[in-house]
Structure formats: structure tokens, C-alpha cells
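S.K.: Structure: input-v1.cif, mmCIF, C-alpha atoms.
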```cif
data_run
loop_
_atom_site.group_PDB
_atom_site.id
_atom_site.type_symbol
_atom_site.label_atom_id
_atom_site.label_comp_id
_atom_site.auth_asym_id
_atom_site.auth_seq_id
_atom_site.Cartn_x
_atom_site.Cartn_y
_atom_site.Cartn_z
ATOM 1 C CA MET A 858 -27.953 -95.094 -15.537
ATOM 2 C CA ARG A 859 -30.902 -94.390 -17.782
ATOM 3 C CA LEU A 860 -32.931 -91.796 -15.939
ATOM 4 C CA THR A 861 -34.622 -89.559 -18.473
ATOM 5 C CA THR A 862 -36.050 -86.093 -18.006
ATOM 6 C CA LYS A 863 -39.411 -87.695 -17.176
ATOM 7 C CA GLY A 864 -38.074 -89.061 -13.893
ATOM 8 C CA ARG A 865 -36.040 -85.955 -13.123
ATOM 9 C CA TYR A 866 -38.972 -83.639 -13.813
ATOM 10 C CA ALA A 867 -41.319 -85.779 -11.711
ATOM 11 C CA VAL A 868 -38.972 -85.614 -8.718
ATOM 12 C CA THR A 869 -38.407 -81.882 -9.204
ATOM 13 C CA ALA A 870 -42.142 -81.172 -9.478
ATOM 14 C CA MET A 871 -42.955 -83.300 -6.433
ATOM 15 C CA LEU A 872 -40.312 -81.559 -4.331
ATOM 16 C CA ASP A 873 -41.638 -78.172 -5.474
ATOM 17 C CA LEU A 874 -45.151 -79.302 -4.567
ATOM 18 C CA ALA A 875 -44.022 -80.606 -1.170
ATOM 19 C CA TYR A 876 -42.343 -77.285 -0.399
ATOM 20 C CA HIS A 877 -45.113 -74.969 -1.598
ATOM 21 C CA SER A 878 -48.247 -76.936 -0.666
ATOM 22 C CA GLN A 879 -47.627 -76.831 3.067
ATOM 23 C CA SER A 880 -50.205 -74.075 3.478
ATOM 24 C CA HIS A 881 -52.337 -74.233 0.314
ATOM 25 C CA PRO A 882 -52.802 -76.214 -2.919
ATOM 26 C CA VAL A 883 -50.346 -75.433 -5.726
ATOM 27 C CA THR A 884 -51.241 -75.057 -9.385
ATOM 28 C CA LEU A 885 -49.310 -76.816 -12.107
ATOM 29 C CA THR A 886 -48.845 -73.421 -13.748
ATOM 30 C CA ASP A 887 -46.931 -72.238 -10.673
ATOM 31 C CA ILE A 888 -44.733 -75.353 -10.680
ATOM 32 C CA ALA A 889 -44.160 -75.038 -14.437
ATOM 33 C CA THR A 890 -43.101 -71.410 -14.035
ATOM 34 C CA ARG A 891 -40.768 -72.007 -11.108
ATOM 35 C CA GLN A 892 -39.155 -75.146 -12.497
ATOM 36 C CA ILE A 893 -39.216 -74.216 -16.197
ATOM 37 C CA ILE A 894 -41.128 -77.347 -17.196
ATOM 38 C CA SER A 895 -43.784 -77.439 -19.907
ATOM 39 C CA LEU A 896 -47.293 -77.228 -18.446
ATOM 40 C CA SER A 897 -48.598 -79.942 -20.772
ATOM 41 C CA TYR A 898 -45.721 -82.222 -19.730
ATOM 42 C CA LEU A 899 -46.490 -81.592 -16.048
ATOM 43 C CA GLU A 900 -50.146 -82.438 -16.672
ATOM 44 C CA GLN A 901 -49.091 -85.821 -18.066
ATOM 45 C CA LEU A 902 -46.754 -86.475 -15.127
ATOM 46 C CA PHE A 903 -49.362 -85.463 -12.545
ATOM 47 C CA ALA A 904 -51.966 -87.734 -14.130
ATOM 48 C CA ARG A 905 -49.591 -90.631 -13.412
ATOM 49 C CA LEU A 906 -48.692 -89.341 -9.945
ATOM 50 C CA ARG A 907 -52.397 -88.987 -9.118
ATOM 51 C CA LYS A 908 -53.072 -92.525 -10.381
ATOM 52 C CA ALA A 909 -50.231 -93.775 -8.136
ATOM 53 C CA GLY A 910 -51.871 -92.062 -5.151
ATOM 54 C CA MET A 911 -49.073 -89.571 -4.516
ATOM 55 C CA VAL A 912 -50.973 -86.351 -5.201
ATOM 56 C CA LYS A 913 -54.561 -85.227 -5.023
ATOM 57 C CA GLY A 914 -56.310 -82.443 -6.860
ATOM 58 C CA VAL A 915 -58.288 -79.716 -5.129
ATOM 59 C CA ARG A 916 -61.005 -78.158 -7.286
ATOM 60 C CA GLY A 917 -62.365 -74.646 -7.261
ATOM 61 C CA PRO A 918 -60.930 -71.221 -6.550
ATOM 62 C CA GLY A 919 -57.619 -71.555 -4.791
ATOM 63 C CA GLY A 920 -57.400 -75.130 -6.023
ATOM 64 C CA GLY A 921 -54.439 -77.034 -7.325
ATOM 65 C CA TYR A 922 -52.532 -80.041 -6.059
ATOM 66 C CA THR A 923 -51.336 -81.246 -2.676
ATOM 67 C CA LEU A 924 -49.465 -84.345 -1.598
ATOM 68 C CA SER A 925 -51.859 -87.185 -0.792
ATOM 69 C CA ARG A 926 -49.743 -88.255 2.171
ATOM 70 C CA SER A 927 -46.936 -86.777 4.207
ATOM 71 C CA ALA A 928 -43.676 -85.857 2.478
ATOM 72 C CA ALA A 929 -41.897 -88.209 4.880
ATOM 73 C CA GLU A 930 -43.839 -91.143 3.396
ATOM 74 C CA ILE A 931 -42.963 -90.513 -0.260
ATOM 75 C CA ASN A 932 -39.586 -91.778 -1.401
ATOM 76 C CA ILE A 933 -37.786 -90.754 -4.578
ATOM 77 C CA ALA A 934 -37.738 -94.252 -6.111
ATOM 78 C CA ASP A 935 -41.537 -94.462 -5.853
ATOM 79 C CA ILE A 936 -41.926 -91.114 -7.643
ATOM 80 C CA ILE A 937 -39.714 -92.296 -10.484
ATOM 81 C CA GLU A 938 -41.590 -95.594 -10.764
ATOM 82 C CA ALA A 939 -44.966 -93.806 -10.679
ATOM 83 C CA VAL A 940 -44.174 -92.059 -13.966
ATOM 84 C CA ASP A 941 -43.144 -95.367 -15.575
ATOM 85 C CA GLU A 942 -39.459 -94.608 -15.368
ATOM 86 C CA THR A 943 -36.876 -97.187 -14.434
ATOM 87 C CA VAL A 944 -33.529 -96.856 -12.767
ATOM 88 C CA ASP A 945 -31.566 -99.263 -14.910
ATOM 89 C CA SER A 946 -27.871 -99.336 -15.766
ATOM 90 C CA THR A 947 -28.026 -102.365 -18.058
ATOM 91 C CA LYS A 948 -28.006 -102.288 -21.824
ATOM 92 C CA CYS A 949 -30.859 -104.809 -21.952
ATOM 93 C CA GLY A 950 -33.278 -103.164 -19.533
ATOM 94 C CA GLY A 951 -32.725 -105.985 -17.048
ATOM 95 C CA LYS A 952 -34.040 -108.662 -19.446
ATOM 96 C CA SER A 953 -30.756 -110.613 -19.530
ATOM 97 C CA ASN A 954 -30.722 -110.683 -23.322
ATOM 98 C CA CYS A 955 -27.855 -108.266 -23.917
ATOM 99 C CA HIS A 956 -25.581 -110.635 -25.846
ATOM 100 C CA ASN A 957 -27.159 -113.059 -28.332
ATOM 101 C CA ASP A 958 -30.252 -113.410 -26.128
ATOM 102 C CA GLN A 959 -28.067 -114.225 -23.128
ATOM 103 C CA PRO A 960 -26.650 -112.061 -20.330
ATOM 104 C CA CYS A 961 -23.520 -110.198 -21.390
ATOM 105 C CA ILE A 962 -20.234 -110.515 -19.544
ATOM 106 C CA THR A 963 -20.932 -107.392 -17.417
ATOM 107 C CA HIS A 964 -24.662 -107.952 -16.889
ATOM 108 C CA ASP A 965 -24.408 -108.749 -13.164
ATOM 109 C CA LEU A 966 -22.192 -105.726 -12.608
ATOM 110 C CA TRP A 967 -24.762 -103.335 -14.128
ATOM 111 C CA MET A 968 -27.673 -105.103 -12.402
ATOM 112 C CA GLY A 969 -25.870 -104.628 -9.079
ATOM 113 C CA LEU A 970 -25.345 -100.950 -9.799
ATOM 114 C CA SER A 971 -29.012 -100.532 -10.717
ATOM 115 C CA GLU A 972 -30.043 -102.146 -7.438
ATOM 116 C CA GLN A 973 -27.681 -99.908 -5.446
ATOM 117 C CA ILE A 974 -29.152 -96.798 -7.098
ATOM 118 C CA ARG A 975 -32.725 -97.998 -6.542
ATOM 119 C CA SER A 976 -31.941 -98.811 -2.897
ATOM 120 C CA TYR A 977 -30.372 -95.380 -2.387
ATOM 121 C CA LEU A 978 -33.384 -93.582 -3.886
ATOM 122 C CA LYS A 979 -35.785 -95.694 -1.785
ATOM 123 C CA GLN A 980 -34.060 -94.404 1.359
ATOM 124 C CA ILE A 981 -34.575 -90.726 0.512
ATOM 125 C CA THR A 982 -37.962 -89.120 1.097
ATOM 126 C CA LEU A 983 -39.347 -85.756 0.095
ATOM 127 C CA GLY A 984 -39.475 -84.935 3.803
ATOM 128 C CA GLN A 985 -35.729 -85.511 4.135
ATOM 129 C CA LEU A 986 -35.059 -83.255 1.163
ATOM 130 C CA LEU A 987 -37.315 -80.509 2.541
ATOM 131 C CA VAL A 988 -35.082 -79.997 5.567
ATOM 132 C CA ARG A 989 -31.927 -79.514 3.523
ATOM 133 C CA ASP A 990 -30.639 -75.941 3.473
ATOM 134 C CA ALA A 991 -29.734 -76.149 -0.218
ATOM 135 C CA VAL A 992 -33.298 -77.175 -1.122
ATOM 136 C CA ASN A 993 -34.809 -74.359 0.932
ATOM 137 C CA ASP A 994 -32.375 -71.800 -0.482
ATOM 138 C CA ALA A 995 -33.189 -72.868 -4.049
ATOM 139 C CA ALA A 996 -36.945 -72.876 -3.371
ATOM 140 C CA ARG A 997 -36.812 -69.342 -1.936
ATOM 141 C CA ARG A 998 -34.713 -68.165 -4.876
ATOM 142 C CA GLN A 999 -37.113 -69.710 -7.403
ATOM 143 C CA THR A 1000 -40.106 -68.154 -5.673
ATOM 144 C CA GLY A 1001 -38.538 -64.721 -5.885
ATOM 145 C CA LYS A 1002 -39.748 -63.756 -2.406
ATOM 146 C CA PRO A 1003 -37.615 -62.663 0.523
ATOM 147 C CA GLU A 1004 -36.703 -65.392 3.010
ATOM 148 C CA HIS A 1005 -38.803 -63.980 5.851
ATOM 149 C CA VAL A 1006 -42.002 -64.048 3.764
ATOM 150 C CA ILE A 1007 -41.607 -67.769 3.065
ATOM 151 C CA GLU A 1008 -40.800 -68.566 6.698
ATOM 152 C CA ILE A 1009 -43.865 -66.717 7.989
ATOM 153 C CA ARG A 1010 -46.151 -68.410 5.452
ATOM 154 C CA ASN A 1011 -44.868 -71.877 6.333
ATOM 155 C CA ARG A 1012 -45.366 -71.470 10.079
ATOM 156 C CA GLN A 1013 -48.306 -73.295 11.573
ATOM 157 C CA PRO A 1014 -50.818 -71.076 13.408
ATOM 158 C CA ALA A 1015 -50.698 -71.322 17.180
ATOM 159 C CA ARG A 1016 -53.390 -73.561 18.618
ATOM 160 C CA LYS A 1017 -55.779 -72.071 21.108
ATOM 161 C CA THR A 1018 -56.146 -74.002 24.297
ATOM 162 C CA ALA A 1019 -59.212 -73.937 26.499
#
```
Would you encode the structure as C-alpha cells?
M.R.:
Amino acid sequence: MRLTTKGRYAVTAMLDLAYHSQSHPVTLTDIATRQIISLSYLEQLFARLRKAGMVKGVRGPGGGYTLSRSAAEINIADIIEAVDETVDSTKCGGKSNCHNDQPCITHDLWMGLSEQIRSYLKQITLGQLLVRDAVNDAARRQTGKPEHVIEIRNRQPARKTA
């Protein structure tokens, strides 16, 4: 499978954003610091994610980025595709020209694997990842704040009823 750091970083940054933007916009500097990703690289990725309609920028003091739709509506395959990454296990990039401009003997095998991977990633959303204990444990550890501080911040305020 040819999934470069571009796709991995995009998924990592989007999951970080989904976790931390529940109560306020998140700056790319914060994501870069937590995930140890170059700020300039994140800016390039977020330009593509914004163009794909996955994130939106919030200007002004306290600004940053938020998801443009719910985390449950954004699947991992779409994030990878938004940054012009492909999930491809073939040698030819799916062009069927791997052996003298013809499909090689194992072309269908690798195309099938690529489709299985793509299908798997389409079924997983950011929302599904956000409820995983391992994701929450890692996010709390990367934030460097005690667990109870994160839990209080992520709680929704109680609605007043008339």
C-alpha cells in the first residue's frame, strides 16, 4: 500500500482537530505542536482540506479551524483523497500498464487489495475514532493536561428550560 506521510498527517491532523475543536476553533500551530508536524506542511494540507469542504477557518482572536460538518460525516478515505493521496497497492497506480503496457500477472490481486483498503477506510469516520479509549488517552497525553480538565471542557453546558 502506498500511503505516504501526506495522507497519514492529514488523518492525524483531522482527528486532532475533531477532538480539540469541540468547544472552540483550533490553530494549526497547536496541531503542529501536539502532533509534531511542520506548520508549513499543515498549512498546505489544510488548504486542500478546506477546498474539499472538510474544514472551515474562523478569523480573528480565538480563531483557527473547525470541522465544516460533524465528525460522524467525515470518513478516513475522504480525508486521504482530499489531500490528493491514493490508497493503491499496485505497481502501476491502477493504470493497468505494469508489464509492457499491459496488466501484470498479479494486477487484479493488488487492485482487489486496494479496493478492500479503500472500502475499510470509507467505513471509518472521525466520530467513530473519537469514541475510542486509545484515541482519547493519546489526545489527553499529547495535550499535557489532566484527564478531568479535558472532560470538563468537552462537556456541553446545560440548557435552561423555561
S.K.: What would the selection look like, as a ChimeraX atom specification, if the PyMOL selection byres ((chain A and resi 876) around 12) were run on the coordinates I just shared?
M.R.: /A:869-875,877-883,888,922-924,927-928,983-989,992-997,999-1000,1007-1008,1010-1011
S.K.: Name the closest residue to A:Glu930 among the candidates A:Leu970, A:Cys955, A:Ile981, A:Cys961; distances are taken between atoms, counting all atoms listed in the file.
M.R.: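 Closest to A:Glu930 of all the choices is A:Ile981.
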S.K.: Between A:Asn954, A:Tyr977, A:Glu900, A:Lys908, which residue has the minimum interatomic distance to A:Gly921, considering all atoms listed in the file?
M.R.: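 That would be A:Glu900, the residue with the smallest distance to A:Gly921.
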S.K.: Between A:Leu860, A:Ala867, A:Ala929, A:Ala934, which one has atoms that come closest to A:Phe903, using only C-alpha atoms?
M.R.: A:Ala867
S.K.: From the options A:Ile974, A:Leu896, A:Met968, A:Ile933, which residue's atoms come nearest to A:Val868, counting all atoms listed in the file?
M.R.: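 Distance minimum relative to A:Val868 lands on A:Ile933.
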S.K.: Closest to A:Gln973 among A:Asn957, A:Asp990, A:Asp945, A:Asn932, using all atoms listed in the file?
M.R.: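 For A:Gln973, the nearest of the given residues is A:Asp945.
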S.K.: What is the distance between atom CA of A:Thr947 and atom CA of A:Arg865, in Å to one decimal?
M.R.: 18.9 Å
S.K.: With the PyMOL selection byres ((chain A and resi 946) around 10) as the selection, what would be picked from this file? Answer as number ranges by chain, please.
M.R.: A: 858-860, 943-945, 947-951, 964, 966-972, 974
S.K.: Quote the spacing between atom CA of A:Ala909 and atom CA of A:Glu942 in Å to one decimal place.
M.R.: 13.0 Å
S.K.: With distances taken over only C-alpha atoms, which of A:Ala889, A:Ile962, A:Val940, A:Leu978 is nearest to A:Arg905?
M.R.: A:Val940
S.K.: Could you tell me how far atom CA of A:Met911 lies from atom CA of A:Ala939, in Å and to one decimal?
M.R.: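 Calculated distance between atom CA of A:Met911 and atom CA of A:Ala939 is 8.5 Å.
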S.K.: For stretch 914-940 of chain A, which lacks atoms in the input, supply N, CA and C atoms and format the output as a short mmCIF file (atom, residue, chain, number, x, y, z; two decimals), in the frame of the given file.
M.R.:
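Contents of out.cif, freshly written:
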```cif
data_model
loop_
_atom_site.label_atom_id
_atom_site.label_comp_id
_atom_site.auth_asym_id
_atom_site.auth_seq_id
_atom_site.Cartn_x
_atom_site.Cartn_y
_atom_site.Cartn_z
N GLY A 914 -55.88 -83.73 -6.33
CA GLY A 914 -56.31 -82.44 -6.86
C GLY A 914 -57.35 -81.81 -5.96
N VAL A 915 -57.31 -80.49 -5.89
CA VAL A 915 -58.29 -79.72 -5.13
C VAL A 915 -58.97 -78.80 -6.13
N ARG A 916 -60.26 -78.94 -6.29
CA ARG A 916 -61.00 -78.16 -7.29
C ARG A 916 -61.44 -76.80 -6.72
N GLY A 917 -61.79 -75.92 -7.64
CA GLY A 917 -62.36 -74.65 -7.26
C GLY A 917 -61.34 -73.54 -7.12
N PRO A 918 -61.84 -72.35 -6.75
CA PRO A 918 -60.93 -71.22 -6.55
C PRO A 918 -59.91 -71.56 -5.47
N GLY A 919 -58.67 -71.23 -5.73
CA GLY A 919 -57.62 -71.56 -4.79
C GLY A 919 -57.21 -73.01 -4.86
N GLY A 920 -57.70 -73.71 -5.88
CA GLY A 920 -57.40 -75.13 -6.02
C GLY A 920 -56.03 -75.37 -6.62
N GLY A 921 -55.73 -76.62 -6.79
CA GLY A 921 -54.44 -77.03 -7.32
C GLY A 921 -54.17 -78.44 -6.86
N TYR A 922 -52.93 -78.71 -6.52
CA TYR A 922 -52.53 -80.04 -6.06
C TYR A 922 -51.89 -79.96 -4.68
N THR A 923 -52.04 -81.05 -3.94
CA THR A 923 -51.34 -81.25 -2.68
C THR A 923 -50.82 -82.69 -2.68
N LEU A 924 -49.91 -82.97 -1.78
CA LEU A 924 -49.46 -84.34 -1.60
C LEU A 924 -50.62 -85.13 -0.98
N SER A 925 -50.77 -86.38 -1.35
CA SER A 925 -51.86 -87.18 -0.79
C SER A 925 -51.48 -87.82 0.54
N ARG A 926 -50.21 -87.79 0.86
CA ARG A 926 -49.74 -88.26 2.17
C ARG A 926 -48.54 -87.41 2.56
N SER A 927 -48.02 -87.62 3.72
CA SER A 927 -46.94 -86.78 4.21
C SER A 927 -45.68 -86.93 3.34
N ALA A 928 -44.92 -85.86 3.25
CA ALA A 928 -43.68 -85.86 2.48
C ALA A 928 -42.70 -86.90 3.01
N ALA A 929 -42.78 -87.21 4.28
CA ALA A 929 -41.90 -88.21 4.88
C ALA A 929 -42.24 -89.63 4.43
N GLU A 930 -43.40 -89.82 3.84
CA GLU A 930 -43.84 -91.14 3.40
C GLU A 930 -43.63 -91.38 1.90
N ILE A 931 -43.13 -90.38 1.19
CA ILE A 931 -42.96 -90.51 -0.26
C ILE A 931 -41.48 -90.54 -0.59
N ASN A 932 -41.00 -91.70 -1.07
CA ASN A 932 -39.59 -91.78 -1.40
C ASN A 932 -39.36 -91.52 -2.89
N ILE A 933 -38.13 -91.18 -3.22
CA ILE A 933 -37.79 -90.75 -4.58
C ILE A 933 -37.95 -91.89 -5.58
N ALA A 934 -37.60 -93.11 -5.20
CA ALA A 934 -37.74 -94.25 -6.11
C ALA A 934 -39.20 -94.46 -6.50
N ASP A 935 -40.12 -94.28 -5.56
CA ASP A 935 -41.54 -94.46 -5.85
C ASP A 935 -42.04 -93.39 -6.82
N ILE A 936 -41.54 -92.18 -6.70
CA ILE A 936 -41.93 -91.11 -7.64
C ILE A 936 -41.49 -91.49 -9.05
N ILE A 937 -40.26 -91.93 -9.17
CA ILE A 937 -39.71 -92.30 -10.48
C ILE A 937 -40.51 -93.45 -11.09
N GLU A 938 -40.81 -94.45 -10.28
CA GLU A 938 -41.59 -95.59 -10.76
C GLU A 938 -43.02 -95.20 -11.12
N ALA A 939 -43.59 -94.23 -10.42
CA ALA A 939 -44.97 -93.81 -10.68
C ALA A 939 -45.13 -93.22 -12.08
N VAL A 940 -44.09 -92.64 -12.62
CA VAL A 940 -44.17 -92.06 -13.97
C VAL A 940 -43.62 -93.02 -15.02
#
```
